[in-house]
Amino acid sequence: MARLKPIAIDLKFGLIVSVIILLLAGIETYSKIEEFKMKIFPDGIKLSWDLVFLITSIVIVATWFIMNNFWQKEYNAHKITKDDRDNLIDDLKRADNARLTDVVTGIPNSISLATDINKYFSKIGSDKHYQFIFIDLKDFRKINKEFGFLKTNDLLRTIAQSIYKRMRRNEDMYKYYDDEERRTYKQEGFYRIYPGGDEFAFIIEGDQADALGFANRLTVQFGDISKKTIEILGRSVPLSFHCSVTEMAPDDTYEVIFKRAQSSYNIAKEGKSDFTICWHPIDREEEIVRTNDRKKNDYSNARKIFEVLTMQDKHLD
């Protein structure tokens with residue numbers, strides 16, 4: 001019995017089939033073109049509504065395509081420009097924040113303090129009262145000399161952040177540094193960024209009793225921070241500070257306020273106790289505590305916590 005064999009289609013037969021298919025496709029295409037012509041140009045008419053519709057559709061699609069292409073290019077270019085602008089704004093913000101932030105403690109610095117006083121606090125109305133508080137850590141240079149600036153920088157950062165995170169809405173904190181002292185350190189052959197960094201300034205909304213209440217709370221925080229010195233320095237070191245409190249007048253400039261605060265501070269640092277304080281002016285207490293027992297307690301507690309040093313107002317003006 002003979003076996004069936006598959007039919008092999010060689011190249012020549014394939015070409016014949018392809019030609020036939022192309023011929024049939026050409027005839028069909030030609031017939032469709034003729035049908036299209038008859039629809040668009042019935043009875044030889046040059047212009048018909050079908051032709052108008054076709055041309056209009058082609059123009060609309062072409063116009064949309066062209067305009068969309070230009071719009072996309074413009075949009076992409078605008079987006080790049082916007083991204084560049086936003087990046088530049090972010091860079092400027094970061095640079096400005098860095099300029100106004102102390103590098104050691106991470107809180108606002110002296111530049112920020114001067115800016116806020118001259119641009120904001122100096123324009124306060126007479127219906128609001130603000131107090132300027134200045135503290136200087138006691139014997140901090142000895143601590144710095146014994147443990148080195150790396151460890152004391154960590155200690156300063158801990159002090160600053162511990163206080164800063166607990167500030168109330170109407171309280172502001174700044175890291176103060178004396179540029180003249182920085183130059184002195186550099187001349188002595190020892191330079192670090194912002195030496196003399198043991199000084200902090202605060203601006204408190206309220207009267208003198210509110211400022212003393214804030215200073216009283218600071219001593220409690222310093223007691224808590226002192227317990228952490230063994231972790232930071234390797235040895236437990238009690239921390240304390242000298243403090244001056246001065247009232248801010250609405251038109252006071254940074255220079256005027258700090259001159260007054262410095263005079264008050266020079267008196268406070270003459271004290272021998274762990275915590276010393278001097279407040280200016282000294283004639284506000286009677287008026288403030290007259291109808292407010294809490295404020296009376298602020299003054300009373302300040303005298304218990306601090307060694308209070310005073311001098312006549314004429315020496316502080």
# chains A, B, ... in the order shown; residues from 1 in each chain; ligands from 1
>>> closest_atom_pairs(of="stretch 235-276 of chain A", to="stretch 282-303 of chain A", cutoff="12 Å", atoms="only C-alpha atoms", output="tab-separated table")
residue	atom	partner	partner_atom	distance
A:Cys243	CA	A:Ala302	CA	11.2
A:Ser244	CA	A:Ile282	CA	12.0
A:Val245	CA	A:Ile282	CA	10.2
A:Thr246	CA	A:Ile282	CA	9.6
A:Glu247	CA	A:Arg284	CA	10.0
A:Ser264	CA	A:Ile282	CA	11.0
A:Phe275	CA	A:Ala302	CA	9.9
A:Thr276	CA	A:Arg303	CA	9.6
>>> select_by_dssp(residues="stretch 91-304 of chain A", states="helix (DSSP H, G or I)", output="PyMOL selection string")
chain A and resi 91-99+110-119+121-123+140-147+149-164+179-187+208-226+229-233+254-268+285-289+293-304
>>> write_last_selection(atoms="C-alpha atoms", output="compact mmCIF listing (two decimals), in the first residue's frame")
# COMPACT_ATOMS: atom_id res chain seq x y z
CA ASP A 91 17.58 76.16 47.76
CA LEU A 92 17.09 79.79 48.82
CA LYS A 93 14.89 78.72 51.73
CA ARG A 94 17.44 76.18 52.88
CA ALA A 95 20.24 78.73 52.55
CA ASP A 96 18.25 81.34 54.48
CA ASN A 97 17.33 78.84 57.18
CA ALA A 98 20.98 77.84 57.47
CA ARG A 99 21.98 81.50 57.74
CA SER A 110 21.93 85.91 66.76
CA ILE A 111 21.20 87.00 63.18
CA SER A 112 17.66 85.71 63.57
CA LEU A 113 17.38 87.44 66.96
CA ALA A 114 18.44 90.82 65.55
CA THR A 115 16.16 90.39 62.53
CA ASP A 116 13.12 89.52 64.65
CA ILE A 117 13.65 92.41 67.04
CA ASN A 118 14.25 95.06 64.37
CA LYS A 119 11.53 93.86 61.98
CA PHE A 121 9.23 93.15 68.03
CA SER A 122 10.28 96.79 67.58
CA LYS A 123 6.91 97.40 65.88
CA PHE A 140 30.99 76.73 81.03
CA ARG A 141 34.52 77.59 79.91
CA LYS A 142 35.88 75.30 82.58
CA ILE A 143 33.61 72.53 81.34
CA ASN A 144 34.73 73.19 77.77
CA LYS A 145 38.39 73.12 78.76
CA GLU A 146 38.05 69.88 80.74
CA PHE A 147 35.91 67.86 78.31
CA PHE A 149 34.46 71.21 72.48
CA LEU A 150 33.11 68.06 70.83
CA LYS A 151 31.46 66.85 74.02
CA THR A 152 30.45 70.34 75.11
CA ASN A 153 28.87 70.92 71.70
CA ASP A 154 26.75 67.83 72.36
CA LEU A 155 25.89 69.25 75.77
CA LEU A 156 24.93 72.63 74.28
CA ARG A 157 22.76 70.89 71.69
CA THR A 158 21.03 68.88 74.42
CA ILE A 159 20.40 72.00 76.52
CA ALA A 160 19.10 74.00 73.57
CA GLN A 161 16.84 71.29 72.14
CA SER A 162 15.49 70.29 75.56
CA ILE A 163 14.38 73.87 76.21
CA TYR A 164 13.38 74.70 72.62
CA ASP A 179 31.57 87.92 67.46
CA GLU A 180 34.28 89.79 69.34
CA GLU A 181 34.82 86.73 71.52
CA ARG A 182 35.07 84.55 68.42
CA ARG A 183 37.88 86.74 67.09
CA THR A 184 39.64 86.48 70.47
CA TYR A 185 39.50 82.68 70.32
CA LYS A 186 40.94 82.74 66.81
CA GLN A 187 43.83 84.98 67.87
CA GLN A 208 7.87 90.90 84.24
CA ALA A 209 6.19 88.26 86.41
CA ASP A 210 5.68 86.05 83.34
CA ALA A 211 9.40 86.36 82.53
CA LEU A 212 10.34 85.40 86.09
CA GLY A 213 7.96 82.44 85.92
CA PHE A 214 9.75 81.35 82.73
CA ALA A 215 13.16 81.74 84.42
CA ASN A 216 11.92 79.68 87.37
CA ARG A 217 10.88 76.88 85.01
CA LEU A 218 14.28 77.04 83.31
CA THR A 219 16.01 76.11 86.57
CA VAL A 220 13.85 72.97 86.79
CA GLN A 221 14.80 72.02 83.22
CA PHE A 222 18.48 72.60 84.01
CA GLY A 223 18.13 70.20 86.92
CA ASP A 224 16.79 67.55 84.54
CA ILE A 225 19.52 68.24 81.96
CA SER A 226 22.22 68.02 84.65
CA THR A 229 25.65 65.10 81.71
CA ILE A 230 27.07 61.75 82.82
CA GLU A 231 25.92 60.28 79.48
CA ILE A 232 27.30 63.20 77.46
CA LEU A 233 30.49 64.13 79.35
CA TYR A 254 18.35 95.18 68.92
CA GLU A 255 21.31 97.30 70.01
CA VAL A 256 19.29 99.18 72.65
CA ILE A 257 17.74 96.03 74.07
CA PHE A 258 21.00 94.17 74.25
CA LYS A 259 22.84 97.08 75.84
CA ARG A 260 20.24 97.17 78.58
CA ALA A 261 20.30 93.38 78.97
CA GLN A 262 24.10 93.37 79.12
CA SER A 263 24.08 95.92 81.93
CA SER A 264 21.60 93.82 83.88
CA TYR A 265 23.59 90.65 83.18
CA ASN A 266 26.82 92.24 84.43
CA ILE A 267 25.08 92.72 87.75
CA ALA A 268 23.68 89.17 87.83
CA GLU A 285 6.33 94.28 91.07
CA GLU A 286 3.86 96.16 93.23
CA GLU A 287 1.65 97.06 90.29
CA ILE A 288 1.78 93.59 88.73
CA VAL A 289 1.03 91.48 91.83
CA ASP A 293 -1.68 85.82 93.31
CA ARG A 294 -0.01 83.66 90.65
CA LYS A 295 2.23 86.53 89.58
CA LYS A 296 2.95 87.23 93.22
CA ASN A 297 4.16 83.63 93.54
CA ASP A 298 6.40 84.11 90.48
CA TYR A 299 8.27 86.88 92.26
CA SER A 300 8.33 84.96 95.53
CA ASN A 301 9.65 81.77 93.90
CA ALA A 302 12.29 83.72 91.99
CA ARG A 303 13.67 85.04 95.26
CA LYS A 304 13.79 81.48 96.64
>>> select_by_dssp(residues="stretch 192-265 of chain A", states="strand (DSSP E or B)", output="ChimeraX atom specification")
/A:199-205,241-248
>>> write_last_selection(atoms="C-alpha atoms", output="short mmCIF file (atom, residue, chain, number, x, y, z; two decimals), in the first residue's frame")
data_model
loop_
_atom_site.label_atom_id
_atom_site.label_comp_id
_atom_site.auth_asym_id
_atom_site.auth_seq_id
_atom_site.Cartn_x
_atom_site.Cartn_y
_atom_site.Cartn_z
CA GLU A 199 24.65 82.13 76.06
CA PHE A 200 20.98 82.04 75.13
CA ALA A 201 18.35 84.73 74.65
CA PHE A 202 14.58 84.48 75.03
CA ILE A 203 11.74 86.83 74.15
CA ILE A 204 8.61 86.24 76.25
CA GLU A 205 5.23 87.81 75.66
CA PHE A 241 23.22 80.02 84.87
CA HIS A 242 23.29 83.76 85.41
CA CYS A 243 20.13 85.49 84.19
CA SER A 244 18.98 88.99 83.32
CA VAL A 245 15.40 90.06 82.61
CA THR A 246 14.69 93.39 80.91
CA GLU A 247 11.47 94.87 79.60
CA MET A 248 11.27 95.67 75.89
#
>>> atom_distance(atom1="atom CA of A:Leu137", atom2="atom CA of A:Leu309")
17.1 Å
